[in-house]
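Asks: Below is the structure I would like to discuss, written out as structure tokens.
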Number of protein chains: 2
Amino acid sequence: MAPQETHPVNPSVKTGDFEIEALSSQCAARAAKLATARGVIETPVFMPVGTQGSVKTISNEELKSIGAQIILGNSYHLYLRPGTELIEKAGGLQKFIGWNAPMLTDSGGFQIFSLATLRRIESQGVQFQSHIDGSKHLFTPEKSMDIQRSIGADIIMCFDECTPYPCAHDYAARSVDLSVEWARRCKEYFYSKENKYDQLLFGIIQGSVYQDLRKDSALRTIEIDFPGYALGGLSVGEPKEEMYSVLRETVGLLPKNKPHYLMGVGMPEDIWEAVENGIDMFDCVLPTRNGRNGQAFTSLGKVNIRNAEYVSDFGPLDPECDCPACKGYTRAYLNHLFRAQELLVLRLLTLHNLNFMIKLLKVIRNSIKSDNFLQEKERFLKQYRSREKTL
Amino acid sequence: MAPQETHPVNPSVKTGDFEIEALSSQCAARAAKLATARGVIETPVFMPVGTQGSVKTISNEELKSIGAQIILGNSYHLYLRPGTELIEKAGGLQKFIGWNAPMLTDSGGFQIFSLATLRRIESQGVQFQSHIDGSKHLFTPEKSMDIQRSIGADIIMCFDECTPYPCAHDYAARSVDLSVEWARRCKEYFYSKENKYDQLLFGIIQGSVYQDLRKDSALRTIEIDFPGYALGGLSVGEPKEEMYSVLRETVGLLPKNKPHYLMGVGMPEDIWEAVENGIDMFDCVLPTRNGRNGQAFTSLGKVNIRNAEYVSDFGPLDPECDCPACKGYTRAYLNHLFRAQELLVLRLLTLHNLNFMIKLLKVIRNSIKSDNFLQEKERFLKQYRSREKTL
């Protein structure tokens with residue numbers, strides 16, 4: 001690995017330093033601190049998704065108020081709009097959006113495979129057409145690095161192919177070869193350039209639901225050597241048991257002294273399962289997207305606030321929650337706002353859901369430090385599922 | 001007038017008390033305090049509009065943070081959805097929406113005449129069909145009182161006919177007769193019932209742009225005797241000079257010891273003009289509606305943030321503003337959010353515009369107390385129009 005820069009705030013800390021504070025005696029869960037150029041992140045951590053440079057409906061002030069430590073941006077979206085030239089001119093994405101804390105960008109790969117049309121995958125890279133205006137573009141590992149260098153997030157991701165589910169074994173095998181080769185090119189290109197923002201480049205493990213391919217991908221990606229590793233290609237439609245099985249077999253292969261990031265996950269129950277297997281970082285659009293659809297995660301399970309049962313329910317959304325939506329408003333009012341198509345409700349539910357996830361990760365982190373992870377997991381899931389049982 | 005209740009917070013203050021603190025020596029402007037059941041309002045005051053029980057996109061916390069003293073609700077909308085039964089069950093609108101400060105509701109008349117279809121106006125009342133589902137309803141002065149009594153706002157308005165512009169003199173004359181008769185019925189009915197929320201019922205002056213009719217409407221409405229008077233039927237499409245002319249001729253006819261409310265106005269320049277003529281209260285959807293369309297009121301005039309000129313403008317929306325949108329974000333970012341259809345921008349511009357209007361009314365109020373109203377008016381308008389001159 002290329003030499004690290006010293007940390008701008010604390011010279012004794014180097015970006016990429018991953019200090020493990022506590023290890024569970026019950027499982028592979030760990031509580032740690034990851035140093036990035038714009039701040040230290042306490043893990044396990046949930047990272048709200050700010051696709052186009054905005055966590056949908058939520059202000060930076062609100063994100064800070066609920067304890068968000070790091071947010072995501074999407075290279076594909078930001079490359080298309082507003083474009084890297086403008087972001088560079090602004091002094092990087094964080095300055096552009098006014099978020100003075102850590103950020104992570106994905107490589108653009110996931111969106112090319114899920115949003116764009118007319119893709120052609122070659123060893124060089126991927127040709128695609130913009131979902132906005134149909135314009136043609138080519139993303140290569142080098143191009144993705146350049147985009148993410150312009151955007152300037154603290155953590156950036158290798159350009160990979162995210163296989164769909166289901167995916168044939170031979171296709172998945174060839175895809176792992178491609179992603180490993182791309183990871184090598186990403187690293188080589190990234191470290192040949194100036195690291196202006198002191199960014200950390202993470203590798204991504206693929207291999208669909210096949211244990212042999214996951215192992216192959218893990219070992220070959222680890223050989224390239226990155227300051228952090230992600231599991232990609234999960235939560236793409238496979239049964240939960242398949243995902244859990246990959247977690248159990250794969251996370252243990254990753255270096256213990258590096259952060260482990262599970263991309264695109266997820267649901268509260270999945271997060272407990274993943275942390276139990278040694279995952280440190282999560283991102284997911286569910287809290288934001290479901291919030292905009294009227295669904296709230298609560299300590300008593302999921303609540304769809306649009307349901308008729310809440311029309312005259314003058315209790316808070318979640319009696320155990322301290323977020324502005326729960327402290328200031330009732331279920332009946334939130335239900336009214338949805339029926340009246342008032343935009344206020346979208347942000348209130350989003351804020352609640354993000355607060356729920358961030359507080360959940362704090363509970364998990366504390367349970368690791370107190371070494372009662374499994375008891376807390378059981379307690380949480382019992383209460384979380386209690387409502388579903390009574391329905 | 002029926003006897004007033006004593007004020008719940010300060011027994012020496014009675015709701016409806018209108019204490020004039022300062023009179024301009026230059027014009028009819030005055031700074032005062034109006035006591036309502038849920039708090040004392042410092043005038044001149046701008047009242048944000050919360051049509052359906054929500055100031056669109058803005059939270060109660062934000063309204064408080066920018067100094068909003070009183071907000072509006074619309075009887076027509078709230079009657080149709082969520083309905084007065086639910087609002088009563090919640091303990092009134094303020095409890096329902098979590099706003100623990102003064103509110104005002106209009107009578108529903110304006111919306112019947114602007115939104116609903118198939119209206120039939122009779123001396124009894126108005127038959128109309130809901131704009132939501134076409135269902136048929138009848139609003140009478142008594143019905144409007146019952147709806148506003150259920151909603152429970154601190155200030156409620158007489159049911160009147162709001163004439164359109166242009167409007168023939170003979171139609172406007174008959175309409176004044178009708179509105180005066182309805183005002184009489186509103187007062188009689190309202191004071192025959194329990195005043196559970198200690199509400200204040202204001203009368204409304206109509207008469208279109210005809211000075212003789214405005215005078216007739218004013219004198220006859222004053223004769224009925226209300227704790228406050230509004231000018232309705234202005235800012236409905238008439239030339240500014242017509243509105244200013246009505247203001248100059250009519251406001252002086254109103255009792256000086258009662259609050260004067262100009263309904264549906266307005267633009268910063270109109271507010272200066274109206275205060276100069278003795279108006280104390282304003283409501284208008286422009287700050288909220290224009291904000292959602294990308295238009296900001298700034299100290300340098302209007303800014304349409306969607307314009308291409310702001311794509312790479314890294315300055316704040318308004319360099320003189322201290323609102324969260326101006327402190328935390330740049331014009332370039334707000335422009336990006338609009339282009340990317342991110343909901344966050346709607347609330348940021350709305351919050352800025354409301355803050356602008358509320359702060360403007362504070363500047364006006366201070367200029368009355370310092371007795372330099374005309375100088376401040378000139379200074380403000382010169383700067384506000386400076387940008388338009390350079391464009």
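Chain labels follow the order of the structure tokens: the first chain is A, the next B, and so on; residue numbering restarts at 1 in every chain, and ligands are counted from 1 in their shown order.
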Using DSSP assignments from the backbone, pull out every residue in region 85-297 of chain A that falls under strand (DSSP E) and give it to me as a PyMOL selection string.
Replies: chain A and resi 103-106+117-121+126-129+136-139+155-157+200-205+229-231+260-262+281-283+295-297
Asks: Using backbone DSSP assignments, extract all helix (DSSP H, G or I) residues from region 84-245 of chain A; output them as a PyMOL selection string.
Replies: chain A and resi 84-90+93-97+109-114+141-151+169-192+211-224+240-245
Asks: Residues of chain A no more than 8 Å from chain B, counting only C-alpha atoms: send them over as a list in words.
Replies: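 Close to chain B, chain A has Gln52, Ser54, Lys56, Thr57, Ile58, Ser59, Arg81, Pro82, Leu86, Ala90, Phe96, Ile97, Gly98, Ser312, Phe314, Gly328, Tyr329, Thr330, Ala332, Tyr333, His336, Leu337, Ala340, Glu342, Leu343 and Leu344 of chain A.
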Asks: If I take CA of Pro44 (chain A) and CA of Pro316 (chain A), how far is one from the other in Å, to one decimal?
Replies: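 Result for CA of Pro44 (chain A) versus CA of Pro316 (chain A): 28.2 Å, one decimal.
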Asks: Contacts of region 248-252 of chain B at 12 Å or less, counting only C-alpha atoms, minus same-chain residues fewer than 3 places along, as a PyMOL selection string?
Replies: chain B and resi 27-29+204-219+222+229-232+241-245+255-262+273-280
